[in-house]
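S.K.: Dropping in final-v4.cif, which is mmCIF, C-alpha atoms and all ligand atoms:
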data_entry
loop_
_atom_site.label_atom_id
_atom_site.label_comp_id
_atom_site.auth_asym_id
_atom_site.auth_seq_id
_atom_site.Cartn_x
_atom_site.Cartn_y
_atom_site.Cartn_z
CA MET X 230 21.59 -1.59 20.91
CA ASN X 231 21.45 -4.74 23.11
CA ASN X 232 19.83 -8.09 22.29
CA ILE X 233 19.91 -7.58 18.51
CA PRO X 234 20.91 -10.91 16.92
CA GLU X 235 23.79 -11.09 14.41
CA ASN X 236 21.69 -11.65 11.26
CA PHE X 237 19.06 -9.02 12.10
CA VAL X 238 17.70 -7.35 8.93
CA TRP X 239 18.00 -3.56 8.98
CA GLY X 240 16.13 -1.82 6.21
CA VAL X 241 14.05 1.08 4.97
CA SER X 242 10.59 1.15 3.38
CA THR X 243 8.79 3.16 0.70
CA SER X 244 5.79 2.67 -1.59
CA SER X 245 5.15 3.16 -5.29
CA TYR X 246 2.54 5.94 -5.36
CA GLN X 247 4.29 7.89 -2.62
CA ILE X 248 7.64 8.17 -4.40
CA GLU X 249 7.63 7.14 -8.05
CA GLY X 250 5.94 9.99 -9.94
CA SER X 251 5.99 9.47 -13.75
CA VAL X 252 2.34 8.53 -13.59
CA GLU X 253 1.87 8.64 -17.34
CA THR X 254 5.18 7.09 -18.32
CA ASP X 255 5.78 3.75 -20.06
CA GLY X 256 2.14 2.73 -20.21
CA ARG X 257 1.25 2.99 -16.51
CA GLY X 258 -2.53 2.86 -16.00
CA LYS X 259 -4.48 5.21 -13.77
CA THR X 260 -5.00 4.28 -10.10
CA ILE X 261 -7.60 5.16 -7.50
CA TRP X 262 -5.12 7.58 -5.95
CA ASP X 263 -4.67 9.50 -9.22
CA THR X 264 -8.44 9.85 -9.31
CA PHE X 265 -8.79 10.72 -5.62
CA CYS X 266 -6.20 13.50 -5.92
CA GLU X 267 -8.18 15.13 -8.76
CA ASN X 268 -10.70 16.34 -6.18
CA PRO X 269 -9.09 19.35 -4.42
CA LYS X 270 -11.08 18.62 -1.26
CA ASN X 271 -9.35 15.28 -0.71
CA ILE X 272 -5.71 16.29 -0.22
CA ILE X 273 -4.83 18.97 2.30
CA ASP X 274 -2.43 20.85 -0.01
CA GLN X 275 -4.25 19.86 -3.24
CA SER X 276 -1.18 17.92 -4.33
CA SER X 277 -0.80 14.43 -5.78
CA GLY X 278 1.82 11.75 -6.43
CA ALA X 279 2.18 12.86 -10.05
CA VAL X 280 5.83 13.83 -9.49
CA ALA X 281 6.41 12.88 -5.84
CA CYS X 282 10.14 12.07 -5.42
CA ASP X 283 10.60 11.38 -9.13
CA HIS X 284 11.96 8.03 -8.04
CA TYR X 285 10.97 6.39 -11.33
CA GLN X 286 13.77 8.40 -12.95
CA ARG X 287 16.06 8.85 -9.94
CA TYR X 288 16.06 5.35 -8.43
CA PRO X 289 19.85 4.82 -8.95
CA GLU X 290 20.59 7.81 -6.73
CA ASP X 291 18.09 6.59 -4.12
CA ILE X 292 19.63 3.14 -4.06
CA LEU X 293 23.04 4.68 -3.39
CA LEU X 294 21.52 6.44 -0.38
CA ILE X 295 20.23 3.09 0.94
CA LYS X 296 23.70 1.65 0.43
CA ASP X 297 25.35 4.54 2.22
CA LEU X 298 22.93 4.06 5.11
CA GLY X 299 24.23 0.51 5.50
CA ALA X 300 20.74 -0.98 5.15
CA LYS X 301 20.73 -4.65 4.21
CA ALA X 302 17.17 -4.56 2.87
CA TYR X 303 14.76 -2.32 1.00
CA ARG X 304 10.98 -2.78 1.08
CA PHE X 305 9.21 -1.20 -1.87
CA SER X 306 5.93 -1.83 -3.65
CA THR X 307 5.17 -2.55 -7.27
CA ALA X 308 2.42 -0.46 -8.82
CA TRP X 309 -0.13 -2.95 -10.13
CA SER X 310 -1.15 -0.49 -12.88
CA ARG X 311 2.41 -0.36 -14.25
CA VAL X 312 2.31 -4.14 -14.60
CA GLN X 313 -1.31 -4.44 -15.76
CA PRO X 314 -2.60 -0.97 -16.68
CA GLU X 315 -6.25 -1.95 -16.16
CA GLY X 316 -5.59 -4.39 -13.30
CA PHE X 317 -6.48 -7.37 -15.48
CA GLY X 318 -5.66 -8.67 -18.94
CA LYS X 319 -2.80 -7.06 -20.83
CA VAL X 320 0.67 -7.16 -19.21
CA ASN X 321 2.84 -4.07 -19.69
CA LYS X 322 6.43 -5.15 -20.32
CA ALA X 323 7.79 -1.63 -19.77
CA GLY X 324 6.39 -1.61 -16.23
CA ILE X 325 7.94 -4.96 -15.40
CA ASP X 326 11.23 -3.82 -16.91
CA PHE X 327 11.30 -0.86 -14.54
CA TYR X 328 11.03 -3.15 -11.51
CA LYS X 329 13.68 -5.45 -13.01
CA ARG X 330 16.06 -2.51 -13.31
CA LEU X 331 15.29 -1.48 -9.74
CA VAL X 332 15.83 -4.98 -8.36
CA ASP X 333 19.01 -5.52 -10.40
CA SER X 334 20.41 -2.31 -9.06
CA LEU X 335 19.54 -3.28 -5.46
CA LEU X 336 21.26 -6.63 -5.87
CA GLU X 337 24.35 -5.02 -7.43
CA ASN X 338 24.57 -2.93 -4.26
CA ASN X 339 24.05 -5.91 -1.93
CA ILE X 340 20.63 -4.75 -0.79
CA GLU X 341 17.98 -7.42 -0.41
CA PRO X 342 14.69 -6.60 -2.19
CA TRP X 343 11.44 -7.00 -0.22
CA LEU X 344 8.65 -6.65 -2.73
CA CYS X 345 5.13 -5.69 -1.67
CA LEU X 346 2.35 -6.24 -4.19
CA ASN X 347 -0.23 -3.82 -2.87
CA HIS X 348 0.46 -0.53 -1.18
CA TRP X 349 -3.00 0.93 -1.86
CA ASP X 350 -2.72 2.06 -5.52
CA LEU X 351 -5.45 -0.13 -6.98
CA PRO X 352 -5.82 0.25 -10.78
CA GLN X 353 -8.77 2.50 -11.63
CA GLY X 354 -9.86 -0.10 -14.20
CA LEU X 355 -10.66 -2.46 -11.33
CA GLU X 356 -12.27 0.25 -9.23
CA ASN X 357 -14.63 0.87 -12.15
CA LEU X 358 -15.75 -2.74 -11.75
CA GLY X 359 -16.33 -2.43 -7.99
CA GLY X 360 -12.75 -2.34 -6.67
CA TRP X 361 -12.13 -4.29 -3.47
CA ARG X 362 -15.90 -4.39 -2.88
CA SER X 363 -16.04 -6.94 -5.67
CA ARG X 364 -15.01 -10.52 -4.92
CA ASP X 365 -13.60 -10.78 -8.41
CA THR X 366 -10.78 -8.33 -7.54
CA ALA X 367 -9.29 -10.96 -5.20
CA PHE X 368 -8.88 -13.35 -8.15
CA ARG X 369 -7.40 -10.59 -10.35
CA PHE X 370 -4.90 -9.89 -7.54
CA ALA X 371 -3.79 -13.53 -7.53
CA GLU X 372 -3.14 -13.31 -11.30
CA TYR X 373 -1.10 -10.16 -10.80
CA ALA X 374 0.87 -11.88 -8.01
CA GLU X 375 1.67 -14.72 -10.37
CA ILE X 376 2.84 -12.32 -13.09
CA ILE X 377 5.18 -10.65 -10.63
CA GLY X 378 6.37 -14.01 -9.31
CA LYS X 379 7.13 -15.29 -12.82
CA ASN X 380 8.98 -12.14 -13.86
CA LEU X 381 10.86 -11.22 -10.70
CA GLY X 382 10.80 -14.38 -8.61
CA ASP X 383 14.33 -15.43 -9.58
CA LEU X 384 15.68 -12.14 -8.18
CA VAL X 385 13.44 -11.33 -5.21
CA PRO X 386 13.67 -13.50 -2.08
CA ASN X 387 10.82 -11.91 -0.06
CA PHE X 388 7.26 -11.12 -1.11
CA ILE X 389 4.56 -9.30 0.81
CA THR X 390 0.96 -9.52 -0.37
CA HIS X 391 -0.62 -6.39 1.11
CA ASN X 392 0.61 -3.39 3.02
CA GLU X 393 -1.90 -2.31 5.67
CA PRO X 394 -5.08 -3.69 4.10
CA ASN X 395 -6.84 -2.49 7.25
CA VAL X 396 -6.14 1.11 6.20
CA VAL X 397 -7.61 0.45 2.74
CA ALA X 398 -10.76 -0.93 4.37
CA LEU X 399 -11.26 1.63 7.14
CA LEU X 400 -9.80 4.89 5.83
CA GLY X 401 -10.73 4.22 2.20
CA HIS X 402 -14.23 2.79 2.67
CA GLY X 403 -15.37 3.60 6.23
CA TRP X 404 -14.22 7.10 7.08
CA GLY X 405 -13.59 8.24 3.50
CA TRP X 406 -10.26 9.97 4.14
CA HIS X 407 -8.41 7.85 1.58
CA ALA X 408 -9.14 6.63 -1.95
CA PRO X 409 -11.71 5.72 -3.06
CA GLY X 410 -13.33 7.97 -0.42
CA MET X 411 -16.35 5.88 0.61
CA GLN X 412 -18.23 5.89 3.92
CA SER X 413 -20.10 2.63 4.28
CA ALA X 414 -19.92 -0.12 6.90
CA ASP X 415 -21.08 -2.65 4.35
CA ALA X 416 -18.28 -1.66 1.99
CA VAL X 417 -15.77 -2.05 4.84
CA MET X 418 -16.94 -5.61 5.45
CA ALA X 419 -16.81 -6.54 1.76
CA VAL X 420 -13.40 -4.95 1.28
CA THR X 421 -12.00 -6.54 4.43
CA HIS X 422 -13.02 -9.99 3.32
CA HIS X 423 -11.94 -9.58 -0.30
CA LEU X 424 -8.53 -8.24 0.71
CA ASN X 425 -8.12 -11.23 3.01
CA LEU X 426 -9.19 -13.59 0.27
CA ALA X 427 -6.80 -11.90 -2.16
CA HIS X 428 -3.98 -12.45 0.32
CA GLY X 429 -4.71 -16.17 0.62
CA LEU X 430 -5.11 -16.69 -3.13
CA ALA X 431 -1.91 -14.76 -3.87
CA VAL X 432 0.08 -16.73 -1.30
CA SER X 433 -0.93 -20.02 -2.85
CA ARG X 434 -0.13 -18.78 -6.38
CA LEU X 435 3.26 -17.51 -5.23
CA ARG X 436 4.03 -20.79 -3.43
CA ASN X 437 3.67 -22.52 -6.81
CA THR X 438 5.46 -19.86 -8.84
CA VAL X 439 8.33 -19.02 -6.47
CA PRO X 440 8.64 -21.99 -4.09
CA GLU X 441 11.90 -20.72 -2.59
CA ALA X 442 10.60 -17.26 -1.70
CA LYS X 443 9.64 -16.16 1.79
CA LEU X 444 6.05 -14.91 1.93
CA GLY X 445 4.21 -12.71 4.41
CA THR X 446 1.72 -9.92 4.87
CA VAL X 447 1.96 -6.51 6.54
CA ILE X 448 -0.68 -5.16 8.91
CA THR X 449 -0.54 -1.90 10.81
CA MET X 450 -1.39 -2.52 14.44
CA GLN X 451 -1.91 0.38 16.81
CA PRO X 452 -3.12 -0.73 20.25
CA VAL X 453 -6.39 0.89 21.29
CA ILE X 454 -6.42 2.61 24.68
CA ASP X 455 -9.80 2.79 26.39
CA TRP X 456 -9.40 6.44 27.34
CA GLU X 457 -13.04 7.51 27.69
CA ASN X 458 -14.43 4.49 29.49
CA ASP X 459 -15.96 3.36 26.24
CA PRO X 460 -15.05 -0.33 26.17
CA ASP X 461 -17.49 -1.05 23.33
CA GLY X 462 -15.98 1.62 21.07
CA SER X 463 -12.45 0.47 21.87
CA ALA X 464 -13.29 -3.19 21.31
CA ARG X 465 -14.97 -2.40 17.98
CA LEU X 466 -12.04 -0.38 16.70
CA ASP X 467 -9.64 -3.09 17.86
CA ALA X 468 -11.67 -5.78 16.06
CA LEU X 469 -12.05 -3.80 12.83
CA SER X 470 -8.52 -2.51 12.66
CA ASN X 471 -6.20 -4.85 14.53
CA ARG X 472 -7.92 -8.22 14.33
CA ALA X 473 -9.99 -8.34 11.13
CA PHE X 474 -6.87 -9.09 9.08
CA THR X 475 -4.49 -10.79 11.51
CA ASP X 476 -7.01 -13.33 12.87
CA PRO X 477 -8.06 -14.73 9.46
CA ALA X 478 -4.50 -14.81 8.09
CA LEU X 479 -2.89 -16.26 11.21
CA LEU X 480 -5.73 -18.18 12.93
CA GLY X 481 -8.28 -18.78 10.16
CA THR X 482 -11.14 -17.03 11.99
CA TYR X 483 -12.83 -13.63 12.16
CA PRO X 484 -13.09 -11.88 15.53
CA ASP X 485 -16.45 -12.65 17.20
CA LEU X 486 -17.36 -8.96 17.25
CA ILE X 487 -17.55 -8.72 13.45
CA SER X 488 -18.17 -12.31 12.38
CA GLU X 489 -21.90 -11.77 11.83
CA GLU X 490 -21.48 -8.47 9.97
CA ILE X 491 -18.93 -9.95 7.60
CA SER X 492 -20.65 -13.30 7.09
CA ASP X 493 -22.62 -12.11 4.02
CA PHE X 494 -19.35 -11.97 2.08
CA VAL X 495 -17.71 -15.16 3.34
CA GLN X 496 -18.16 -18.28 1.21
CA GLU X 497 -17.44 -21.85 2.16
CA ASP X 498 -13.72 -22.61 2.36
CA ASP X 499 -12.72 -18.92 2.14
CA LEU X 500 -11.20 -18.94 5.60
CA ARG X 501 -9.20 -22.03 4.72
CA THR X 502 -7.93 -20.25 1.60
CA ILE X 503 -7.00 -17.19 3.64
CA HIS X 504 -5.26 -19.11 6.42
CA GLN X 505 -2.06 -20.04 4.57
CA PRO X 506 1.20 -20.91 6.29
CA LEU X 507 3.38 -17.79 6.23
CA ASP X 508 7.12 -17.34 6.60
CA PHE X 509 6.85 -14.06 8.45
CA PHE X 510 4.49 -11.42 9.74
CA GLY X 511 5.16 -7.75 8.96
CA LEU X 512 4.14 -5.34 11.68
CA ASN X 513 3.75 -1.63 10.96
CA HIS X 514 3.59 0.26 14.22
CA TYR X 515 3.68 3.98 14.96
CA THR X 516 1.42 4.92 17.83
CA THR X 517 -1.50 4.00 19.99
CA VAL X 518 -5.06 5.16 19.33
CA ARG X 519 -8.13 6.21 21.32
CA ALA X 520 -11.62 5.31 20.15
CA ARG X 521 -15.03 6.88 20.67
CA SER X 522 -18.35 5.26 19.76
CA SER X 523 -20.09 7.61 17.38
CA GLN X 524 -23.22 7.34 15.31
CA ASP X 525 -21.91 10.20 13.07
CA THR X 526 -19.73 7.71 11.24
CA ALA X 527 -20.82 4.78 9.13
CA LEU X 528 -18.67 2.46 11.24
CA GLY X 529 -20.16 3.55 14.57
CA VAL X 530 -16.73 4.39 15.94
CA LYS X 531 -14.10 7.04 15.34
CA ILE X 532 -10.54 7.80 16.39
CA ILE X 533 -10.04 10.79 18.66
CA GLN X 534 -6.94 12.93 19.08
CA PRO X 535 -4.80 12.40 22.18
CA PRO X 536 -5.06 15.25 24.72
CA LEU X 537 -2.39 17.93 24.28
CA GLU X 538 -0.47 16.94 27.42
CA ILE X 539 0.32 13.53 25.89
CA PRO X 540 3.62 13.43 23.94
CA GLN X 541 2.76 13.36 20.26
CA THR X 542 4.26 14.04 16.83
CA VAL X 543 3.35 16.93 14.53
CA LYS X 544 0.85 14.60 12.91
CA GLY X 545 -0.88 14.23 16.28
CA TRP X 546 0.19 10.61 16.78
CA GLU X 547 0.92 9.66 20.37
CA ILE X 548 4.52 8.70 21.13
CA ASN X 549 4.38 5.64 23.35
CA PRO X 550 7.20 3.14 22.74
CA GLU X 551 6.03 0.94 25.61
CA MET X 552 3.06 0.03 23.42
CA LEU X 553 5.38 -1.35 20.74
CA TYR X 554 6.86 -3.64 23.36
CA GLN X 555 3.36 -4.71 24.47
CA GLN X 556 2.23 -5.16 20.87
CA LEU X 557 5.14 -7.45 20.04
CA LEU X 558 4.55 -9.61 23.12
CA GLU X 559 0.87 -9.79 22.33
CA LEU X 560 1.60 -10.96 18.78
CA LYS X 561 3.84 -13.67 20.16
CA ASN X 562 1.25 -14.84 22.66
CA ARG X 563 -1.76 -14.70 20.37
CA TYR X 564 -0.36 -15.93 17.08
CA GLY X 565 2.58 -18.14 18.02
CA ASN X 566 6.18 -17.24 17.58
CA LEU X 567 6.12 -16.60 13.83
CA PRO X 568 9.15 -14.56 12.69
CA ILE X 569 8.18 -10.89 12.89
CA TYR X 570 9.67 -7.99 10.98
CA ILE X 571 8.78 -4.45 11.92
CA THR X 572 8.14 -3.33 8.35
CA GLU X 573 7.38 0.31 9.22
CA ASN X 574 8.12 2.53 12.17
CA GLY X 575 8.97 6.22 12.18
CA CYS X 576 7.47 9.64 12.68
CA ALA X 577 6.63 12.92 11.04
CA ALA X 578 8.63 15.91 12.28
CA PRO X 579 8.77 19.64 11.43
CA ASP X 580 11.98 19.35 9.41
CA LYS X 581 13.68 22.44 8.00
CA LEU X 582 16.74 22.76 5.85
CA ASP X 583 19.10 25.16 7.72
CA SER X 584 21.42 27.73 6.19
CA ALA X 585 24.33 25.28 6.45
CA GLY X 586 22.39 22.80 4.32
CA ARG X 587 21.72 20.45 7.23
CA VAL X 588 18.48 19.01 8.59
CA SER X 589 18.48 18.49 12.30
CA ASP X 590 15.60 16.27 13.47
CA PRO X 591 16.17 15.55 17.16
CA ASP X 592 12.54 14.50 17.74
CA ARG X 593 12.83 11.77 15.13
CA VAL X 594 16.20 10.61 16.51
CA ALA X 595 14.63 10.33 19.98
CA TYR X 596 11.63 8.50 18.53
CA PHE X 597 13.80 5.93 16.74
CA ARG X 598 16.01 5.48 19.81
CA ASP X 599 13.08 4.84 22.14
CA TYR X 600 11.16 2.56 19.77
CA LEU X 601 14.30 0.57 18.98
CA LEU X 602 14.97 0.15 22.70
CA ALA X 603 11.41 -1.16 23.10
CA ALA X 604 11.96 -3.59 20.21
CA SER X 605 15.21 -4.82 21.70
CA ARG X 606 13.45 -5.40 25.05
CA ALA X 607 10.86 -7.48 23.22
CA ILE X 608 13.62 -9.63 21.72
CA LYS X 609 14.91 -10.18 25.24
CA GLY X 610 11.35 -11.13 26.20
CA GLY X 611 11.40 -13.95 23.64
CA VAL X 612 9.75 -12.28 20.65
CA ASN X 613 11.02 -13.74 17.38
CA LEU X 614 11.82 -10.32 15.92
CA LYS X 615 14.05 -10.69 12.86
CA GLY X 616 14.25 -7.23 11.37
CA TYR X 617 13.33 -3.56 11.39
CA PHE X 618 12.52 -1.25 8.46
CA ALA X 619 12.36 2.49 9.09
CA TRP X 620 9.58 4.49 7.46
CA SER X 621 10.68 6.12 5.34
CA LEU X 622 13.79 6.33 3.22
CA MET X 623 12.80 9.83 2.17
CA ASP X 624 10.07 12.45 2.52
CA ASN X 625 7.25 11.63 0.15
CA PHE X 626 3.57 12.05 -0.71
CA GLU X 627 1.83 11.41 2.61
CA TRP X 628 -1.60 10.54 1.19
CA ALA X 629 -4.37 12.93 2.32
CA ASP X 630 -1.71 15.06 4.04
CA GLY X 631 0.02 15.63 0.71
CA TYR X 632 3.53 16.99 1.27
CA THR X 633 2.71 18.66 4.60
CA GLN X 634 4.07 15.77 6.71
CA ARG X 635 7.67 14.62 6.35
CA PHE X 636 8.49 11.07 7.45
CA GLY X 637 11.84 10.62 5.69
CA ILE X 638 15.29 10.09 7.12
CA VAL X 639 16.37 11.85 3.92
CA TYR X 640 14.97 15.33 3.33
CA VAL X 641 13.60 15.93 -0.15
CA ASP X 642 13.63 19.48 -1.43
CA PHE X 643 10.70 18.93 -3.78
CA PRO X 644 11.25 21.91 -6.14
CA THR X 645 14.80 20.74 -6.96
CA GLN X 646 14.42 17.06 -5.98
CA LYS X 647 17.67 17.35 -4.02
CA ARG X 648 18.08 14.65 -1.34
CA ILE X 649 19.69 15.67 1.96
CA PRO X 650 20.25 13.04 4.66
CA LYS X 651 18.88 14.24 8.01
CA ASP X 652 20.53 13.70 11.40
CA SER X 653 18.25 10.65 11.87
CA PHE X 654 19.86 9.10 8.77
CA TYR X 655 23.27 9.31 10.44
CA PHE X 656 21.80 8.04 13.73
CA LEU X 657 20.35 4.95 12.02
CA LYS X 658 23.49 4.51 9.94
CA LYS X 659 25.51 3.92 13.11
CA ILE X 660 22.99 1.34 14.32
CA PHE X 661 22.66 -0.37 10.95
CA GLN X 662 26.43 -0.57 10.70
CA ASN X 663 26.61 -1.94 14.22
CA LYS X 664 28.58 1.02 15.54
CA THR X 665 26.58 1.78 18.70
O1 LIG D 1 3.01 6.88 4.69
C1 LIG D 1 2.35 5.86 5.35
C2 LIG D 1 2.55 4.53 4.65
O2 LIG D 1 2.16 4.58 3.32
C3 LIG D 1 1.76 3.46 5.32
N1 LIG D 1 2.01 3.45 6.74
C4 LIG D 1 1.99 4.67 7.46
C5 LIG D 1 2.84 5.71 6.77
C6 LIG D 1 2.79 7.05 7.55
O3 LIG D 1 1.49 7.52 7.60
#
Spell out the structure here as structure tokens.
M.R.:
Amino acid sequence: MNNIPENFVWGVSTSSYQIEGSVETDGRGKTIWDTFCENPKNIIDQSSGAVACDHYQRYPEDILLIKDLGAKAYRFSTAWSRVQPEGFGKVNKAGIDFYKRLVDSLLENNIEPWLCLNHWDLPQGLENLGGWRSRDTAFRFAEYAEIIGKNLGDLVPNFITHNEPNVVALLGHGWGWHAPGMQSADAVMAVTHHLNLAHGLAVSRLRNTVPEAKLGTVITMQPVIDWENDPDGSARLDALSNRAFTDPALLGTYPDLISEEISDFVQEDDLRTIHQPLDFFGLNHYTTVRARSSQDTALGVKIIQPPLEIPQTVKGWEINPEMLYQQLLELKNRYGNLPIYITENGCAAPDKLDSAGRVSDPDRVAYFRDYLLAASRAIKGGVNLKGYFAWSLMDNFEWADGYTQRFGIVYVDFPTQKRIPKDSFYFLKKIFQNKT
């Protein structure tokens, strides 16, 4: 791989609800995803994260896999409801102790922890009080950030506030595919602003609590292609999904297209609170999307599937590495040359364990190769790209798709919980260990 600088951070990513399981262990409180999975209509295979990869019990084995891969870094999320079962008030020592054990074990294996505070599993206790639709939740999030900072800040060098808050807003509150399953444009605006506010408040708390730590946020950005000559639909989706979180965090403004709609929720000085200096920006990137204006949805716009002749993954996501290159250059040009880490990139594939006990995943290997080549071209083009985290370490609970979509570089045989590295694991291992 050309152009990759010496100290480039190679890593893998996961998230709490998708892998941990043990949802009733050691005082963990219920989350909106536990509740959402109780309705059989919400998850394609009627499953849940109740067991998932049983990582809560098996984390030592999983850390050895990360070590064997040669990854320097591991991005994981803490489950807020393990730390504060209700999302406010009482702190649960057993939950914090779990993350201490995890982080200690990473450090013993020379793997740098990247801790994300919010990967979607909001405590149900807070949802009962209005969830992210309530401004108060932003202040509760800052308290939680401080608790994590105080307890883990001496061990963790990198903190991320949110993972993909745009997905929480749009899929959770606009289209209703994710927890808490709402379909309301008003809710999307409230949630967008309160997640942004929570980010800003948490950054300033963490700056005081862990002054040495590097702080950032993670947004998923999928460029919108105007495929149907519907520039209004494309611009709206772009504003809601790609700009409504990056612009406030990195420029201190909302995109013009939504500034009036969101203004009901924005109080004086909020944008100043949100626009905090950051040490890095985390980009999650998988695909490119096509929008269609539609009055059937609360948001007035929906995402449409790419036509069949377009290369796409089994999940129906277009494969278009050129758009990663374009996205990285656009970030550089629009937001200044802030250090960028690709905090997620990867694909679902129809993986099968063969009779020899091997999992061959040539589509995923090709995907990683082509996206990494695009990233390396962007570095050559002057983008300040400092690292790359593959999604995901292992197959896991893929939200509304349950266990029907596998994104891991390690195959998980869920009935036995056996982990089997796929060919893509060995492909990345060579790159991570600088052997290609
Ligand atoms: O599994 C998810 C992850 O939780 C957030 N980013 C996209 C991944 C694949 O859908």
S.K.: Which is closer to ligand LIG 1 (chain D) than all the others in X:Glu253, X:Asp590, X:Glu573, X:Asp455, using all atoms listed in the file?
M.R.: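 Going through X:Glu253, X:Asp590, X:Glu573, X:Asp455 one by one, the smallest distance to ligand LIG 1 (chain D) is for X:Glu573.
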S.K.: Between stretch 341-447 of chain X and stretch 460-479 of chain X, at 12 Å or less, what are the per-residue closest atom pairs and their distances in Å? Count all atoms listed in the file, order by chain and rising residue number, and return it as JSON lines.
M.R.:
{"residue": "X:Thr390", "atom": "CA", "partner": "X:Ala478", "partner_atom": "CA", "distance": 11.4}
{"residue": "X:His391", "atom": "CA", "partner": "X:Phe474", "partner_atom": "CA", "distance": 10.5}
{"residue": "X:Asn392", "atom": "CA", "partner": "X:Phe474", "partner_atom": "CA", "distance": 11.2}
{"residue": "X:Glu393", "atom": "CA", "partner": "X:Phe474", "partner_atom": "CA", "distance": 9.1}
{"residue": "X:Pro394", "atom": "CA", "partner": "X:Phe474", "partner_atom": "CA", "distance": 7.6}
{"residue": "X:Asn395", "atom": "CA", "partner": "X:Ser470", "partner_atom": "CA", "distance": 5.7}
{"residue": "X:Val396", "atom": "CA", "partner": "X:Ser470", "partner_atom": "CA", "distance": 7.8}
{"residue": "X:Val397", "atom": "CA", "partner": "X:Ser470", "partner_atom": "CA", "distance": 10.4}
{"residue": "X:Ala398", "atom": "CA", "partner": "X:Ser470", "partner_atom": "CA", "distance": 8.7}
{"residue": "X:Leu399", "atom": "CA", "partner": "X:Ser470", "partner_atom": "CA", "distance": 7.4}
{"residue": "X:Leu400", "atom": "CA", "partner": "X:Ser470", "partner_atom": "CA", "distance": 10.2}
{"residue": "X:Gly403", "atom": "CA", "partner": "X:Leu469", "partner_atom": "CA", "distance": 10.5}
{"residue": "X:Ala414", "atom": "CA", "partner": "X:Leu469", "partner_atom": "CA", "distance": 10.5}
{"residue": "X:Val417", "atom": "CA", "partner": "X:Leu469", "partner_atom": "CA", "distance": 9.0}
{"residue": "X:Met418", "atom": "CA", "partner": "X:Leu469", "partner_atom": "CA", "distance": 9.0}
{"residue": "X:Ala419", "atom": "CA", "partner": "X:Ala473", "partner_atom": "CA", "distance": 11.7}
{"residue": "X:Val420", "atom": "CA", "partner": "X:Ala473", "partner_atom": "CA", "distance": 11.0}
{"residue": "X:Thr421", "atom": "CA", "partner": "X:Ala473", "partner_atom": "CA", "distance": 7.2}
{"residue": "X:His422", "atom": "CA", "partner": "X:Phe474", "partner_atom": "CA", "distance": 8.5}
{"residue": "X:His423", "atom": "CA", "partner": "X:Phe474", "partner_atom": "CA", "distance": 10.7}
{"residue": "X:Leu424", "atom": "CA", "partner": "X:Phe474", "partner_atom": "CA", "distance": 8.6}
{"residue": "X:Asn425", "atom": "CA", "partner": "X:Phe474", "partner_atom": "CA", "distance": 6.6}
{"residue": "X:Leu426", "atom": "CA", "partner": "X:Ala478", "partner_atom": "CA", "distance": 9.2}
{"residue": "X:Ala427", "atom": "CA", "partner": "X:Ala478", "partner_atom": "CA", "distance": 10.9}
{"residue": "X:His428", "atom": "CA", "partner": "X:Ala478", "partner_atom": "CA", "distance": 8.1}
{"residue": "X:Gly429", "atom": "CA", "partner": "X:Ala478", "partner_atom": "CA", "distance": 7.6}
{"residue": "X:Leu430", "atom": "CA", "partner": "X:Ala478", "partner_atom": "CA", "distance": 11.4}
{"residue": "X:Val432", "atom": "CA", "partner": "X:Ala478", "partner_atom": "CA", "distance": 10.6}
{"residue": "X:Gly445", "atom": "CA", "partner": "X:Ala478", "partner_atom": "CA", "distance": 9.7}
{"residue": "X:Thr446", "atom": "CA", "partner": "X:Ala478", "partner_atom": "CA", "distance": 8.5}
{"residue": "X:Val447", "atom": "CA", "partner": "X:Thr475", "partner_atom": "CA", "distance": 9.2}
S.K.: List all protein, DNA and RNA residues that have any atom at most 10 Å from ligand LIG 1 (chain D), counting all atoms listed in the file, and write the list as a PyMOL selection string.
M.R.: chain X and resi 242-247+348-349+392-394+396+447-449+513-515+544+546+572-577+620-621+624-630+634-637
S.K.: Using only C-alpha atoms, collect all residues at a distance of at most 8 Å from (20.2, 15.8, 4.1) as written in the file, then present them as a list of chain:residue names.
M.R.: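 Selection result: X:Leu582, X:Gly586, X:Arg587, X:Val588, X:Val639, X:Tyr640, X:Val641, X:Arg648, X:Ile649, X:Pro650, X:Lys651, X:Asp652.
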S.K.: Taking into account all atoms listed in the file, which residue in the set X:Gly316, X:Leu336, X:Asn387, X:Leu486 is nearest to X:Phe370?
M.R.: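 Distance minimum relative to X:Phe370 lands on X:Gly316.
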S.K.: Compile the contact shell of X:Asp255 as a PyMOL selection string: residues with an atom at most 9 Å away, counting all atoms listed in the file, same-chain residues fewer than 2 positions apart removed.
M.R.: chain X and resi 251-253+257+311+321-324
S.K.: Using only C-alpha atoms, please write the residues we just selected to a file, as a PDB file, in the coordinates of the input.
M.R.:
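Contents of again-v2.pdb, as written:
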ATOM      1  CA  SER X 251       5.990   9.470 -13.750  1.00  0.00           C
ATOM      2  CA  VAL X 252       2.340   8.530 -13.590  1.00  0.00           C
ATOM      3  CA  GLU X 253       1.870   8.640 -17.340  1.00  0.00           C
ATOM      4  CA  ARG X 257       1.250   2.990 -16.510  1.00  0.00           C
ATOM      5  CA  ARG X 311       2.410  -0.360 -14.250  1.00  0.00           C
ATOM      6  CA  ASN X 321       2.840  -4.070 -19.690  1.00  0.00           C
ATOM      7  CA  LYS X 322       6.430  -5.150 -20.320  1.00  0.00           C
ATOM      8  CA  ALA X 323       7.790  -1.630 -19.770  1.00  0.00           C
ATOM      9  CA  GLY X 324       6.390  -1.610 -16.230  1.00  0.00           C
TER      10      GLY X 324
END
